[in-house]
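First comes the structure, then the notes that go with it.
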Amino acid sequence: MAHLHDIPQPTRDAVAGLVSPGFDTTPFVTGPPLARRRVAVLSSAALIRRGELPFPPGSAELRILPADTPAGDLLMSHVSINFDRAGFQRDINTVYPLDRLRELAVAGVIGGVARSHYSVMGATDPLAMAETADAVAARCRDEGVDAILLCPV
Amino acid sequence: MLESRGIATIVIGLVRRHMEQTRPPRGLFVPFQLGRPLGEPEDPAFQHRVLAHALGLLERADGPVILEDFPEDAPNWHDTPGWTPPDLPACARPDTPDGWRVAFAAELAALRPAWDAARGRFGRSSVGLTAREPEEWPAICARFLAGETPPIPPIAAPALGLRHLCDDIKALYGEAAQATGRAPSARQVDGWFWRESIAGKMLLALRAVALGSPSNALRTAGGRFFVPAPYLAE
């Protein structure tokens, strides 16, 4: 098993010591059955399209990844060097599972795959990302997306 | 934050403690290594099991906080017996910036066939953050090793440029290491890069130069973002 105790030191203590924000409310949005849901992916891997500038450290910005972006045009610009990249190098779906979602849509398990997907810099304080969350939610509403799969790295 | 804006979410989380603190509406804890939320590269069936479990939480009505544990390990978490890394030219540790340039260029040239094979095998490459060709890398690194702080256009800040060049270097070696045969573990790839390659030793040398730089940005980048902590102690 790859649990916290499997992470080599001193990264383990750094990860364990990260204070994750708590929230006062617990909203819980219901919706249609999974087979009618259109799903988007939001990755914290600071994915960019080839040719774009990498995410600056500490950035709260949002990058929009059109669904038809070729896998070879997606790069990872996350500031941290303490997580694995070999899996991403070998298969982008290890981090950003768009091919798998497309297969689920074809099989009728989900209703569809969103036209737009999203990436942020996972090392940034989430509480600084209110505008980012506004932008993602607005775009999802515009595109008829009713579920977001969050894939932190 | 998205749920409060009306969009249902599911999070695939790699650190259970963080999920317990943030209490997302629908969370699936997966016991995979950091950087691999879907667990296993090139294993669509495994990835589908992760997704089925995660997306299945959307069918649940027993919120507002659901935290589940994925029951499987990633099958190739452990080292791959018999894995053979690409051959690297034998080379003594250089002691001048130009010596590093020459040795790194020779190693890149030797690794090129494996990297080409990797790009063919995987149909893509994750190299490209700096938009500089690998043939340009040795001269850029030598300038930093000589104490210069050149920008690496289009990235304006030299410290950021060098930080992302380190990523490009590691990505090329990581892809080359996986070009043929069974997949090595992440630990095997990292161990080979940091212990056996001239590039790994050069990144350690760049870190040492950065830490002595008058540039605060370069000291910060070099201290935190060139070399993973487990390989500093070796």
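Residue numbering restarts at 1 for every chain of the structure tokens, chains are lettered A, B, ... in their displayed order, and ligands are numbered from 1 as they appear.
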Enumerate as a PyMOL selection string the residues belonging to chain A that approach chain B to within 7 Å, with only C-alpha atoms taken into account. chain A and resi 1-4+8-11+20-23+26-30+33-34+50+53-54+71-72+75+80-87+89-91+94-95+100+133+137+146-153
Top pick for closest residue to B:Ala90, considering B:Ala110, B:Glu136, B:Phe193, B:Met202 and counting only C-alpha atoms: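 Checking each candidate against B:Ala90, we get B:Ala110 as the closest.
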To test your reading of the structure, identify every residue in stretch 15-122 of chain A that backbone DSSP assigns to strand (DSSP E or B), and report it as a PyMOL selection string. chain A and resi 38-43+45+47-49+63-66+74-76+112-113+116-119+121
Chain A: residues DSSP assigns to helix (DSSP H, G or I), reported as a PyMOL selection string: chain A and resi 4-6+11-17+34-36+71-73+86-90+92-94+98-106+126-128+130-142
Set the distance at 7 Å and use only C-alpha atoms: which residues neighbour stretch 206-213 of chain B once local chain neighbours fewer than 2 positions away are removed? I'd like the list as a PyMOL selection string. chain B and resi 145+202-204+215+218-219+222-223+226
Now that the selection is made, can you save its residues with N, CA and C atoms as an mmCIF file, in the first residue's frame?
data_model
loop_
_atom_site.group_PDB
_atom_site.id
_atom_site.type_symbol
_atom_site.label_atom_id
_atom_site.label_comp_id
_atom_site.auth_asym_id
_atom_site.auth_seq_id
_atom_site.Cartn_x
_atom_site.Cartn_y
_atom_site.Cartn_z
ATOM 1 N N LEU B 145 26.231 27.634 -14.225
ATOM 2 C CA LEU B 145 27.312 27.078 -13.393
ATOM 3 C C LEU B 145 28.484 28.052 -13.287
ATOM 4 N N MET B 202 24.847 17.121 -12.232
ATOM 5 C CA MET B 202 24.914 18.527 -12.646
ATOM 6 C C MET B 202 23.811 19.353 -11.965
ATOM 7 N N LEU B 203 22.636 18.759 -11.808
ATOM 8 C CA LEU B 203 21.573 19.497 -11.109
ATOM 9 C C LEU B 203 21.951 19.751 -9.648
ATOM 10 N N LEU B 204 22.636 18.792 -9.045
ATOM 11 C CA LEU B 204 23.138 19.034 -7.683
ATOM 12 C C LEU B 204 24.170 20.163 -7.689
ATOM 13 N N SER B 215 21.379 36.327 -6.153
ATOM 14 C CA SER B 215 19.964 36.438 -6.506
ATOM 15 C C SER B 215 19.105 35.673 -5.508
ATOM 16 N N LEU B 218 17.071 32.988 -7.253
ATOM 17 C CA LEU B 218 17.819 31.787 -7.628
ATOM 18 C C LEU B 218 18.138 30.943 -6.395
ATOM 19 N N ARG B 219 18.434 31.608 -5.283
ATOM 20 C CA ARG B 219 18.677 30.838 -4.050
ATOM 21 C C ARG B 219 17.427 30.062 -3.653
ATOM 22 N N GLY B 222 16.788 27.255 -6.311
ATOM 23 C CA GLY B 222 17.777 26.186 -6.183
ATOM 24 C C GLY B 222 17.607 25.396 -4.901
ATOM 25 N N GLY B 223 17.292 26.088 -3.830
ATOM 26 C CA GLY B 223 17.162 25.406 -2.552
ATOM 27 C C GLY B 223 15.961 24.490 -2.478
ATOM 28 N N PHE B 226 15.141 22.271 -7.294
ATOM 29 C CA PHE B 226 16.003 21.595 -8.267
ATOM 30 C C PHE B 226 16.157 20.111 -7.957
#
Kindly indicate which residue among B:Pro86, B:Arg101, B:Pro214, B:Thr180 lies nearest to B:Gly120, using only C-alpha atoms for the distances.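 Of B:Pro86, B:Arg101, B:Pro214, B:Thr180, the one nearest B:Gly120, counting only C-alpha atoms, is B:Thr180.
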In Å, with one decimal, what is the gap from atom CA of A:Ser44 to atom CA of B:Leu232?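 Separating atom CA of A:Ser44 from atom CA of B:Leu232 is a distance of 26.1 Å.
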Pairwise distance, atom CA of A:Arg49 with atom CA of A:Met121, equals 14.0 Å
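Closest approach to B:Ala103 among B:Ala117, B:Ala217, B:Leu88, B:Leu162 is made by B:Leu88 (distances from only C-alpha atoms).
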